[in-house]
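Heads up: the structure comes next, in structure tokens.
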Amino acid sequence: SANAEPEAQPAAASSAGGAYRLQLATSRSEEEANALWKKVSQNQDLAGVRPEIAKVEIGSFGTFYSLKIGPFPDKAESLKVCNALKRSGVDCSLAEQ
């Protein structure tokens with residue numbers, strides 16, 4: 001059924017209820033994901049935000065590293081930050097809750 005248990009997630013997923021996170025690029029290596037975080041962490045809108053790098057197996061494409069950042073207090077704040085990141089050339093989207 002559609003309500004099956006979601007894929008196992010790191011403990012960070014069970015942090016404060018209502019915490020929004022942004023999904024940034026999915027990189028080929030952990031180093032790339034860390035470099036992207038280093039780049040975006042200069043942004044003053046990201047004070048207090050933590051990175052979460054998750055290893056993701058994508059079928060025949062192989063292993064990728066997904067960078068998510070957060071938490072943000074609400075959807076409006078996360079979208080504001082996402083728009084600021086897009087203006088600086090970093091793709092992002094609202095992460096699945």
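Labels used: A, B, ... for chains in the order of the structure tokens, numbers from 1 for residues in each chain, and numbers from 1 for ligands as shown.
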
Segment 32-46 of chain A surroundings by only C-alpha atoms, 9 Å radius, close-in-sequence under 4 positions cut, as a compact mmCIF listing (two decimals) with N, CA, C and O atoms, in the first residue's frame:
```txt
# COMPACT_ATOMS: atom_id res chain seq x y z
N LEU A 24 19.34 20.01 -1.32
CA LEU A 24 20.21 20.65 -2.30
C LEU A 24 20.67 19.59 -3.28
O LEU A 24 20.10 18.52 -3.36
N ALA A 25 21.72 19.86 -3.99
CA ALA A 25 22.18 18.95 -5.03
C ALA A 25 22.48 17.55 -4.51
O ALA A 25 22.84 17.35 -3.36
N THR A 26 22.33 16.61 -5.41
CA THR A 26 22.77 15.24 -5.16
C THR A 26 24.08 15.08 -5.91
O THR A 26 24.13 15.29 -7.11
N SER A 27 25.15 14.78 -5.18
CA SER A 27 26.49 14.74 -5.74
C SER A 27 26.97 13.31 -5.92
O SER A 27 26.48 12.39 -5.27
N ARG A 28 27.98 13.15 -6.75
CA ARG A 28 28.58 11.85 -7.00
C ARG A 28 29.49 11.40 -5.86
O ARG A 28 29.78 10.22 -5.70
N ARG A 50 22.04 23.14 9.97
CA ARG A 50 23.00 22.04 9.92
C ARG A 50 22.87 21.23 8.64
O ARG A 50 21.75 21.04 8.15
N PRO A 51 23.98 20.73 8.13
CA PRO A 51 23.91 19.89 6.94
C PRO A 51 23.62 18.44 7.30
O PRO A 51 23.97 17.99 8.39
N ILE A 53 24.17 14.91 5.19
CA ILE A 53 24.58 14.28 3.94
C ILE A 53 24.20 12.80 4.03
O ILE A 53 24.64 12.10 4.95
N TYR A 65 25.34 11.22 -3.11
CA TYR A 65 25.31 11.81 -1.77
C TYR A 65 24.38 13.01 -1.82
O TYR A 65 24.61 13.96 -2.55
N SER A 66 23.32 12.92 -1.04
CA SER A 66 22.29 13.94 -1.02
C SER A 66 22.55 14.91 0.13
O SER A 66 22.75 14.49 1.26
N LEU A 67 22.56 16.20 -0.18
CA LEU A 67 22.77 17.23 0.85
C LEU A 67 21.44 17.88 1.19
O LEU A 67 20.78 18.45 0.32
N ILE A 69 19.65 20.53 4.18
CA ILE A 69 20.00 21.48 5.24
C ILE A 69 18.74 21.85 6.02
O ILE A 69 17.64 21.83 5.48
N GLY A 70 18.93 22.18 7.28
CA GLY A 70 17.80 22.54 8.12
C GLY A 70 18.20 22.42 9.58
O GLY A 70 19.37 22.27 9.89
N LYS A 80 12.08 30.93 1.56
CA LYS A 80 12.84 32.18 1.45
C LYS A 80 14.33 31.87 1.26
O LYS A 80 15.01 32.44 0.39
N VAL A 81 14.84 30.95 2.07
CA VAL A 81 16.25 30.55 1.97
C VAL A 81 16.51 29.87 0.63
O VAL A 81 17.52 30.13 -0.03
N ALA A 84 16.88 32.41 -2.04
CA ALA A 84 18.18 33.09 -1.92
C ALA A 84 19.28 32.20 -2.50
O ALA A 84 20.18 32.68 -3.19
N LEU A 85 19.21 30.90 -2.22
CA LEU A 85 20.21 29.97 -2.75
C LEU A 85 20.13 29.91 -4.28
O LEU A 85 21.15 29.92 -4.96
N SER A 88 21.86 32.60 -5.91
CA SER A 88 23.32 32.48 -5.90
C SER A 88 23.79 31.27 -6.74
O SER A 88 24.94 30.89 -6.71
N VAL A 90 22.56 28.03 -6.67
CA VAL A 90 22.50 26.70 -6.05
C VAL A 90 21.06 26.20 -6.17
O VAL A 90 20.13 26.85 -5.72
```

Q.
Considering only strand (DSSP E or B) as DSSP defines it on the backbone, what residues of chain A qualify? List them as a PyMOL selection string.
A. chain A and resi 20-27+50-58+62-72+93-94

Using N, CA, C and O atoms, can you write the selected residues to a file as a compact mmCIF listing (two decimals), in the first residue's frame?
```txt
# COMPACT_ATOMS: atom_id res chain seq x y z
N TYR A 20 11.28 21.96 8.78
CA TYR A 20 11.42 21.88 7.33
C TYR A 20 12.89 21.83 6.96
O TYR A 20 13.73 22.46 7.60
N ARG A 21 13.17 21.08 5.90
CA ARG A 21 14.55 21.02 5.40
C ARG A 21 14.54 21.25 3.91
O ARG A 21 13.53 21.02 3.24
N LEU A 22 15.68 21.69 3.41
CA LEU A 22 15.84 21.87 1.97
C LEU A 22 16.75 20.79 1.42
O LEU A 22 17.75 20.44 2.04
N GLN A 23 16.37 20.28 0.26
CA GLN A 23 17.19 19.32 -0.46
C GLN A 23 18.02 20.11 -1.45
O GLN A 23 17.49 20.83 -2.28
N LEU A 24 19.34 20.01 -1.32
CA LEU A 24 20.21 20.65 -2.30
C LEU A 24 20.67 19.59 -3.28
O LEU A 24 20.10 18.52 -3.36
N ALA A 25 21.72 19.86 -3.99
CA ALA A 25 22.18 18.95 -5.03
C ALA A 25 22.48 17.55 -4.51
O ALA A 25 22.84 17.35 -3.36
N THR A 26 22.33 16.61 -5.41
CA THR A 26 22.77 15.24 -5.16
C THR A 26 24.08 15.08 -5.91
O THR A 26 24.13 15.29 -7.11
N SER A 27 25.15 14.78 -5.18
CA SER A 27 26.49 14.74 -5.74
C SER A 27 26.97 13.31 -5.92
O SER A 27 26.48 12.39 -5.27
N ARG A 50 22.04 23.14 9.97
CA ARG A 50 23.00 22.04 9.92
C ARG A 50 22.87 21.23 8.64
O ARG A 50 21.75 21.04 8.15
N PRO A 51 23.98 20.73 8.13
CA PRO A 51 23.91 19.89 6.94
C PRO A 51 23.62 18.44 7.30
O PRO A 51 23.97 17.99 8.39
N GLU A 52 22.97 17.74 6.41
CA GLU A 52 22.75 16.31 6.57
C GLU A 52 23.10 15.68 5.22
O GLU A 52 22.42 15.95 4.22
N ILE A 53 24.17 14.91 5.19
CA ILE A 53 24.58 14.28 3.94
C ILE A 53 24.20 12.80 4.03
O ILE A 53 24.64 12.10 4.95
N ALA A 54 23.36 12.37 3.12
CA ALA A 54 22.89 10.99 3.13
C ALA A 54 23.37 10.26 1.88
O ALA A 54 23.34 10.80 0.78
N LYS A 55 23.84 9.04 2.09
CA LYS A 55 24.26 8.20 0.98
C LYS A 55 23.01 7.59 0.36
O LYS A 55 22.18 7.02 1.08
N VAL A 56 22.86 7.73 -0.94
CA VAL A 56 21.67 7.25 -1.63
C VAL A 56 22.07 6.33 -2.78
O VAL A 56 22.90 6.71 -3.60
N GLU A 57 21.49 5.15 -2.80
CA GLU A 57 21.73 4.23 -3.92
C GLU A 57 20.62 4.45 -4.93
O GLU A 57 19.45 4.31 -4.61
N ILE A 58 20.99 4.82 -6.15
CA ILE A 58 19.98 5.07 -7.18
C ILE A 58 20.12 4.03 -8.29
O ILE A 58 20.82 4.25 -9.28
N GLY A 62 24.05 4.08 -9.56
CA GLY A 62 25.10 3.97 -8.56
C GLY A 62 24.83 4.77 -7.30
O GLY A 62 23.69 5.08 -6.97
N THR A 63 25.92 5.13 -6.60
CA THR A 63 25.83 5.80 -5.31
C THR A 63 25.92 7.31 -5.46
O THR A 63 26.79 7.82 -6.19
N PHE A 64 25.04 8.02 -4.78
CA PHE A 64 25.06 9.48 -4.76
C PHE A 64 25.02 9.94 -3.31
O PHE A 64 24.70 9.17 -2.41
N TYR A 65 25.34 11.22 -3.11
CA TYR A 65 25.31 11.81 -1.77
C TYR A 65 24.38 13.01 -1.82
O TYR A 65 24.61 13.96 -2.55
N SER A 66 23.32 12.92 -1.04
CA SER A 66 22.29 13.94 -1.02
C SER A 66 22.55 14.91 0.13
O SER A 66 22.75 14.49 1.26
N LEU A 67 22.56 16.20 -0.18
CA LEU A 67 22.77 17.23 0.85
C LEU A 67 21.44 17.88 1.19
O LEU A 67 20.78 18.45 0.32
N LYS A 68 21.05 17.75 2.46
CA LYS A 68 19.86 18.45 2.96
C LYS A 68 20.33 19.39 4.06
O LYS A 68 21.29 19.08 4.78
N ILE A 69 19.65 20.53 4.18
CA ILE A 69 20.00 21.48 5.24
C ILE A 69 18.74 21.85 6.02
O ILE A 69 17.64 21.83 5.48
N GLY A 70 18.93 22.18 7.28
CA GLY A 70 17.80 22.54 8.12
C GLY A 70 18.20 22.42 9.58
O GLY A 70 19.37 22.27 9.89
N PRO A 71 17.27 22.47 10.50
CA PRO A 71 15.84 22.67 10.22
C PRO A 71 15.48 24.14 10.10
O PRO A 71 16.18 25.00 10.62
N PHE A 72 14.37 24.39 9.43
CA PHE A 72 13.81 25.74 9.35
C PHE A 72 12.50 25.73 10.13
O PHE A 72 11.80 24.72 10.16
N SER A 93 15.24 22.44 -3.34
CA SER A 93 13.79 22.20 -3.28
C SER A 93 13.44 21.83 -1.86
O SER A 93 14.34 21.48 -1.06
N LEU A 94 12.17 21.89 -1.54
CA LEU A 94 11.73 21.51 -0.20
C LEU A 94 11.88 20.00 -0.06
O LEU A 94 11.41 19.25 -0.91
```

Determine which residues of chain A receive a DSSP assignment of alpha helix (DSSP H), computed from the backbone, and state them as a PDB file with C-alpha atoms, in the first residue's frame.
```pdb
ATOM      1  CA  GLU A  30      30.769  12.945  -0.316  1.00  0.00           C
ATOM      2  CA  GLU A  31      33.564  15.474  -1.004  1.00  0.00           C
ATOM      3  CA  GLU A  32      31.349  17.266  -3.558  1.00  0.00           C
ATOM      4  CA  ALA A  33      28.456  17.374  -1.101  1.00  0.00           C
ATOM      5  CA  ASN A  34      30.752  18.792   1.601  1.00  0.00           C
ATOM      6  CA  ALA A  35      32.149  21.374  -0.830  1.00  0.00           C
ATOM      7  CA  LEU A  36      28.623  22.497  -1.692  1.00  0.00           C
ATOM      8  CA  TRP A  37      27.785  22.860   2.013  1.00  0.00           C
ATOM      9  CA  LYS A  38      30.965  24.883   2.541  1.00  0.00           C
ATOM     10  CA  LYS A  39      29.902  27.176  -0.308  1.00  0.00           C
ATOM     11  CA  VAL A  40      26.305  27.698   0.844  1.00  0.00           C
ATOM     12  CA  LYS A  75       7.728  26.467   5.187  1.00  0.00           C
ATOM     13  CA  ALA A  76       7.852  30.200   4.426  1.00  0.00           C
ATOM     14  CA  GLU A  77      11.336  30.507   5.953  1.00  0.00           C
ATOM     15  CA  SER A  78      12.641  27.445   4.117  1.00  0.00           C
ATOM     16  CA  LEU A  79      11.310  28.757   0.789  1.00  0.00           C
ATOM     17  CA  LYS A  80      12.843  32.185   1.446  1.00  0.00           C
ATOM     18  CA  VAL A  81      16.246  30.555   1.969  1.00  0.00           C
ATOM     19  CA  CYS A  82      15.724  28.324  -1.077  1.00  0.00           C
ATOM     20  CA  ASN A  83      15.037  31.375  -3.249  1.00  0.00           C
ATOM     21  CA  ALA A  84      18.176  33.087  -1.924  1.00  0.00           C
ATOM     22  CA  LEU A  85      20.208  29.970  -2.752  1.00  0.00           C
ATOM     23  CA  LYS A  86      18.740  29.834  -6.261  1.00  0.00           C
ATOM     24  CA  ARG A  87      19.753  33.459  -6.802  1.00  0.00           C
TER      25      ARG A  87
END
```
